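All remarks here apply to the structure that follows.
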Amino acid sequence: MRKRTLPLLLTGTLVPVFGHAQTVDFMTQVKPLLEGTCIHCHHEEKAEGEYRMDTMELAFAGGENYAKETIIPGDPEASPVYWMTTEPADSADLMPPKKPLSVEQQEILKTWIAEGAKWPEGVTLEEKPRMDFKNNILPLLSKGGPFKAEEQKMLRLWVEQGAVWPADFKLGGESEADKGGLADNLELVKVIRENILATTKEKAEGDMKDYTGTITKTGVKYDMVAIKGGEFLMGSPSDEKGRVEDEGPQHKVKISPFWMGKFEVTWNMYEPFMITGVARNKDGSPENIPADAAPVDVISSPTTPYTEMSFGMGTDGFPAICMTEHAASKFCQWLSAQTGHYYRLPTEAEWEYACRAGTAGPYSCPEDQLADFAVMDPEQVRVGYEKVGTKKPNPWGLYDMHGNVMEWCLDQYSDKGYAGREGVTENPLAIPTTLYPRVARGGSWYDPPEELRSARRISSNENWKVQDPQLPKSIWYHTDAHWLGFRIVRPLEIPEAEKMHQLWNLGTVDGN
């Protein structure tokens, strides 16, 4: 059989060339379809209804909740593998239950069975990611090529699984914003900013005080510490024990006043943002946005996590972990929309300024007292984090700046450190241009003392999400980073909406 192609029509629509009259080929049409839509629930490790489909013998034999014969060659109407895909949306028999097959995909199964359900000897099926047009393919087609290897793989899987294209859809269709509704874009940020301007009372540094805020949606409280602006020497001296070259050269930095979270963001604060019960696209935007939706309900939030994200280490009062920088930033936007204050991640200059709290040594406490101030692992025996605030605070009243969980910063990481900065640098921020590497600070429960130094910088990398089973990898979770969290800041100066929008969305920037 000739290889299938996808001709690009002048209408802007890609049409799969199947041709219902032509013979269906198992290897190029049926196998990819079953691997993407059925094997997830019917394989050796997860046989729903005691039914497996990964081998011919098992697929034809049926299971506990199925007929004795699930595939009857020559009779698709009597074969559950076909007729169950055609059931009404509210039927308990519909398969797959959450994402039904398209009519074209149903026809592939029907024709294959009608023609004798030929299955080449020895062919075993393997689970493959199911490609969804809206979540996986539309973003690629809207962006255009050239496509990276992972993106090419997604497009190839989509074609092999039937190239499902929603009826009457054309590229360039109306967005929620085009229809006059809210969407997670700059216009939404302008609405959020107007509320922040209307509710903010502090106009100068002298107005700043520590305060306790409340998350409107949940009633959860959080504490913010007022930090005056000033100058400090950023980086580490060449003779500091454990020093790494990317911590220099030391240079003077001037920081504007801001508030910083007294504690790292906890699961109590973060989990209601992470698990919303709202049907979401892969980018976290709600699938349906009511015309009267509040701004906070339009902000993109994480898709449902694919595992328990605290990994059994505790949630009540413990720091939230395993989020990407993007997820942390969107939490800040979500919090800002509810509270009338502008929150974001700290720059690494702000973070080091707050960590040092006026000190100049490796730590903000005497080195021989570090165990009183930091949750760490000098003996390499610790198996998890502790609740926030279990150790002593630094001189400015901030807890866990050394250890417990590492904390995200906004900056792009450079192994050249701070090369090029001269004189006094004011509020530096290395705006990211690639997704990796980014900066994390503070060390964690998993680290020895030298990794907790005030000047220590850690660069993010793709290995932080090796366990992620999704394709493409999630923009929300770093499943392998059990020691990674974040802390929020609130600058006194409220920036323009364009800057807010930029800093809340740096986590998906990739200049490559």
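Residue names in the structure tokens use chain letters A, B, ... in the order shown, residue numbers from 1 in each chain, and ligand numbers from 1 in the order shown.
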List every residue of stretch 316-494 of chain A that DSSP, applied to the backbone, labels as strand (DSSP E or B), and write the result as a list in words. Pro319, Met323, Arg344, Val375, Gly403, Met406, Glu407, Trp408, Cys409, Leu410, Asp411, Gln412, Val424, Thr425, Glu426, Arg438, Val439, Ala440, Arg441, Arg457, Ile458, Ser459, Tyr477, Leu484, Gly485, Val489, Arg490 and Pro491 of chain A
Output file for the residues above (C-alpha atoms, as a short mmCIF file (atom, residue, chain, number, x, y, z; two decimals), in the first residue's frame):
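The result, written out as again-v3.cif:
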data_model
loop_
_atom_site.label_atom_id
_atom_site.label_comp_id
_atom_site.auth_asym_id
_atom_site.auth_seq_id
_atom_site.Cartn_x
_atom_site.Cartn_y
_atom_site.Cartn_z
CA PRO A 319 6.50 23.58 50.87
CA MET A 323 6.50 22.89 39.63
CA ARG A 344 5.87 37.60 40.95
CA VAL A 375 16.93 22.03 56.66
CA GLY A 403 17.68 24.77 52.58
CA MET A 406 15.40 25.29 46.39
CA GLU A 407 13.60 28.37 45.07
CA TRP A 408 12.90 29.59 41.54
CA CYS A 409 14.15 32.97 40.33
CA LEU A 410 13.18 34.81 37.14
CA ASP A 411 16.62 34.90 35.55
CA GLN A 412 18.25 33.03 32.71
CA VAL A 424 26.50 49.79 40.56
CA THR A 425 23.95 47.69 38.70
CA GLU A 426 20.37 48.65 39.49
CA ARG A 438 17.04 29.06 34.48
CA VAL A 439 18.19 30.01 37.98
CA ALA A 440 17.20 28.39 41.28
CA ARG A 441 18.62 29.44 44.65
CA ARG A 457 23.38 29.36 41.86
CA ILE A 458 21.76 26.25 40.39
CA SER A 459 20.87 25.88 36.70
CA TYR A 477 5.62 19.81 36.30
CA LEU A 484 12.37 22.47 44.11
CA GLY A 485 9.84 25.10 45.20
CA VAL A 489 7.78 38.80 46.10
CA ARG A 490 5.73 41.96 45.73
CA PRO A 491 7.66 44.99 44.44
#
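Excluding A:Met234 itself and any same-chain residue fewer than 3 positions from it, the protein and nucleic acid residues within 9 Å of it, counting only C-alpha atoms, are Glu247, Gly248, Pro249, Gln250, His251, Lys252, Val253, Ala349, Glu352, Tyr353 and Ala455 of chain A.
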Nearest to A:Glu451 by atom-to-atom distance, counting only C-alpha atoms, from A:Thr276, A:Asn404, A:Ser142, A:Thr508: A:Asn404
I want to know what sits within 10 Å of A:Met376, based on only C-alpha atoms, with residues of the same chain fewer than 6 positions away left out; could you give that as an NGL selection string? :A and (370 or 382 or 384-386 or 402-405 or 443-449 or 451-452)
Might you pull out every residue within 10 Å of A:Leu345, with only C-alpha atoms counted and same-chain residues fewer than 2 positions away left off, and present them as a list in words?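 Here the qualifying residues turn out to be Met260, Glu325, Ala328, Ser329, Lys330, Phe331, Cys332, Tyr343, Thr347, Glu348, Glu350, Trp351, Glu407, Trp408, Cys409, Leu410, Asp411, Phe486, Arg487, Ile488, Val489, Arg490, Leu503 and Trp504 of chain A.
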File of the preceding selection, C-alpha atoms, as an mmCIF file, in the first residue's frame:
data_model
loop_
_atom_site.group_PDB
_atom_site.id
_atom_site.type_symbol
_atom_site.label_atom_id
_atom_site.label_comp_id
_atom_site.auth_asym_id
_atom_site.auth_seq_id
_atom_site.Cartn_x
_atom_site.Cartn_y
_atom_site.Cartn_z
ATOM 1 C CA MET A 260 8.975 38.839 50.197
ATOM 2 C CA GLU A 325 9.067 28.147 36.621
ATOM 3 C CA ALA A 328 5.213 29.249 39.754
ATOM 4 C CA SER A 329 4.776 32.453 37.749
ATOM 5 C CA LYS A 330 1.178 31.700 36.809
ATOM 6 C CA PHE A 331 0.468 31.056 40.501
ATOM 7 C CA CYS A 332 1.731 34.582 41.129
ATOM 8 C CA TYR A 343 3.134 39.275 42.984
ATOM 9 C CA THR A 347 14.986 38.157 40.484
ATOM 10 C CA GLU A 348 18.108 36.377 41.660
ATOM 11 C CA GLU A 350 16.441 40.348 44.961
ATOM 12 C CA TRP A 351 16.685 36.804 46.252
ATOM 13 C CA GLU A 407 13.605 28.371 45.070
ATOM 14 C CA TRP A 408 12.896 29.585 41.544
ATOM 15 C CA CYS A 409 14.146 32.966 40.334
ATOM 16 C CA LEU A 410 13.177 34.805 37.143
ATOM 17 C CA ASP A 411 16.624 34.903 35.548
ATOM 18 C CA PHE A 486 9.479 28.880 45.214
ATOM 19 C CA ARG A 487 8.818 32.036 47.193
ATOM 20 C CA ILE A 488 6.880 35.123 46.110
ATOM 21 C CA VAL A 489 7.783 38.801 46.099
ATOM 22 C CA ARG A 490 5.728 41.958 45.733
ATOM 23 C CA LEU A 503 7.266 38.344 33.720
ATOM 24 C CA TRP A 504 4.235 36.141 34.371
#
Where does DSSP see helix (DSSP H, G or I) in stretch 168-341 of chain A, if you list the residues as a PyMOL selection string? chain A and resi 186-199+205-207+245-247+267-274+295-297+325-339
With C-alpha atoms retained, export the selected residues as a PDB file, in the first residue's frame.
ATOM      1  CA  LEU A 186      -2.291  41.055  27.762  1.00  0.00           C
ATOM      2  CA  GLU A 187      -5.858  42.371  27.887  1.00  0.00           C
ATOM      3  CA  LEU A 188      -6.547  40.209  30.933  1.00  0.00           C
ATOM      4  CA  VAL A 189      -3.397  41.530  32.601  1.00  0.00           C
ATOM      5  CA  LYS A 190      -4.604  45.095  32.006  1.00  0.00           C
ATOM      6  CA  VAL A 191      -7.811  44.274  33.864  1.00  0.00           C
ATOM      7  CA  ILE A 192      -5.853  42.732  36.751  1.00  0.00           C
ATOM      8  CA  ARG A 193      -3.494  45.732  36.870  1.00  0.00           C
ATOM      9  CA  GLU A 194      -6.375  48.214  37.069  1.00  0.00           C
ATOM     10  CA  ASN A 195      -7.638  46.417  40.166  1.00  0.00           C
ATOM     11  CA  ILE A 196      -4.134  46.420  41.671  1.00  0.00           C
ATOM     12  CA  LEU A 197      -3.813  50.188  41.123  1.00  0.00           C
ATOM     13  CA  ALA A 198      -7.224  50.760  42.677  1.00  0.00           C
ATOM     14  CA  THR A 199      -6.549  48.715  45.801  1.00  0.00           C
ATOM     15  CA  GLU A 205       8.902  52.878  51.131  1.00  0.00           C
ATOM     16  CA  GLY A 206       7.826  54.517  54.382  1.00  0.00           C
ATOM     17  CA  ASP A 207       4.338  53.066  53.913  1.00  0.00           C
ATOM     18  CA  GLU A 245      33.065  30.307  39.085  1.00  0.00           C
ATOM     19  CA  ASP A 246      29.540  31.331  38.072  1.00  0.00           C
ATOM     20  CA  GLU A 247      29.183  33.211  41.396  1.00  0.00           C
ATOM     21  CA  TRP A 267       0.873  23.170  49.425  1.00  0.00           C
ATOM     22  CA  ASN A 268      -1.987  24.842  51.318  1.00  0.00           C
ATOM     23  CA  MET A 269      -1.462  27.900  49.098  1.00  0.00           C
ATOM     24  CA  TYR A 270      -0.514  26.139  45.879  1.00  0.00           C
ATOM     25  CA  GLU A 271      -2.666  23.018  45.604  1.00  0.00           C
ATOM     26  CA  PRO A 272      -5.975  24.891  44.984  1.00  0.00           C
ATOM     27  CA  PHE A 273      -4.243  26.557  42.021  1.00  0.00           C
ATOM     28  CA  MET A 274      -2.839  23.233  40.792  1.00  0.00           C
ATOM     29  CA  PRO A 295     -10.247  37.373  35.715  1.00  0.00           C
ATOM     30  CA  VAL A 296      -8.903  34.854  38.235  1.00  0.00           C
ATOM     31  CA  ASP A 297     -10.901  32.084  36.535  1.00  0.00           C
ATOM     32  CA  GLU A 325       9.067  28.147  36.621  1.00  0.00           C
ATOM     33  CA  HIS A 326       6.038  28.759  34.411  1.00  0.00           C
ATOM     34  CA  ALA A 327       3.698  27.168  36.942  1.00  0.00           C
ATOM     35  CA  ALA A 328       5.213  29.249  39.754  1.00  0.00           C
ATOM     36  CA  SER A 329       4.776  32.453  37.749  1.00  0.00           C
ATOM     37  CA  LYS A 330       1.178  31.700  36.809  1.00  0.00           C
ATOM     38  CA  PHE A 331       0.468  31.056  40.501  1.00  0.00           C
ATOM     39  CA  CYS A 332       1.731  34.582  41.129  1.00  0.00           C
ATOM     40  CA  GLN A 333      -0.681  35.921  38.513  1.00  0.00           C
ATOM     41  CA  TRP A 334      -3.531  33.860  40.005  1.00  0.00           C
ATOM     42  CA  LEU A 335      -2.735  35.253  43.462  1.00  0.00           C
ATOM     43  CA  SER A 336      -2.476  38.806  42.121  1.00  0.00           C
ATOM     44  CA  ALA A 337      -5.888  38.606  40.465  1.00  0.00           C
ATOM     45  CA  GLN A 338      -7.515  37.743  43.805  1.00  0.00           C
ATOM     46  CA  THR A 339      -5.674  39.968  46.237  1.00  0.00           C
TER      47      THR A 339
END
Rank A:Gly229, A:Gly261, A:Gly442, A:Gly162 by their smallest atom-to-atom distance to A:Leu398, using only C-alpha atoms, and report the top residue only.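 Counting only C-alpha atoms, the residue closest to A:Leu398 is A:Gly261.
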Report, in Å to a single decimal, how far apart atom CA of A:Lys254 and atom CA of A:Tyr418 are.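 Straight-line distance from atom CA of A:Tyr418 to atom CA of A:Lys254 works out to 14.5 Å.
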Do a neighbour search on A:Lys228 at 9 Å with only C-alpha atoms, toss out local chain neighbours closer than 3 positions, and write the hits as a PyMOL selection string. chain A and resi 205-206+208+255-259
Would you work out the distance separating atom CA of A:Thr111 from atom CA of A:Leu471, expressed in Å to one decimal? 29.5 Å
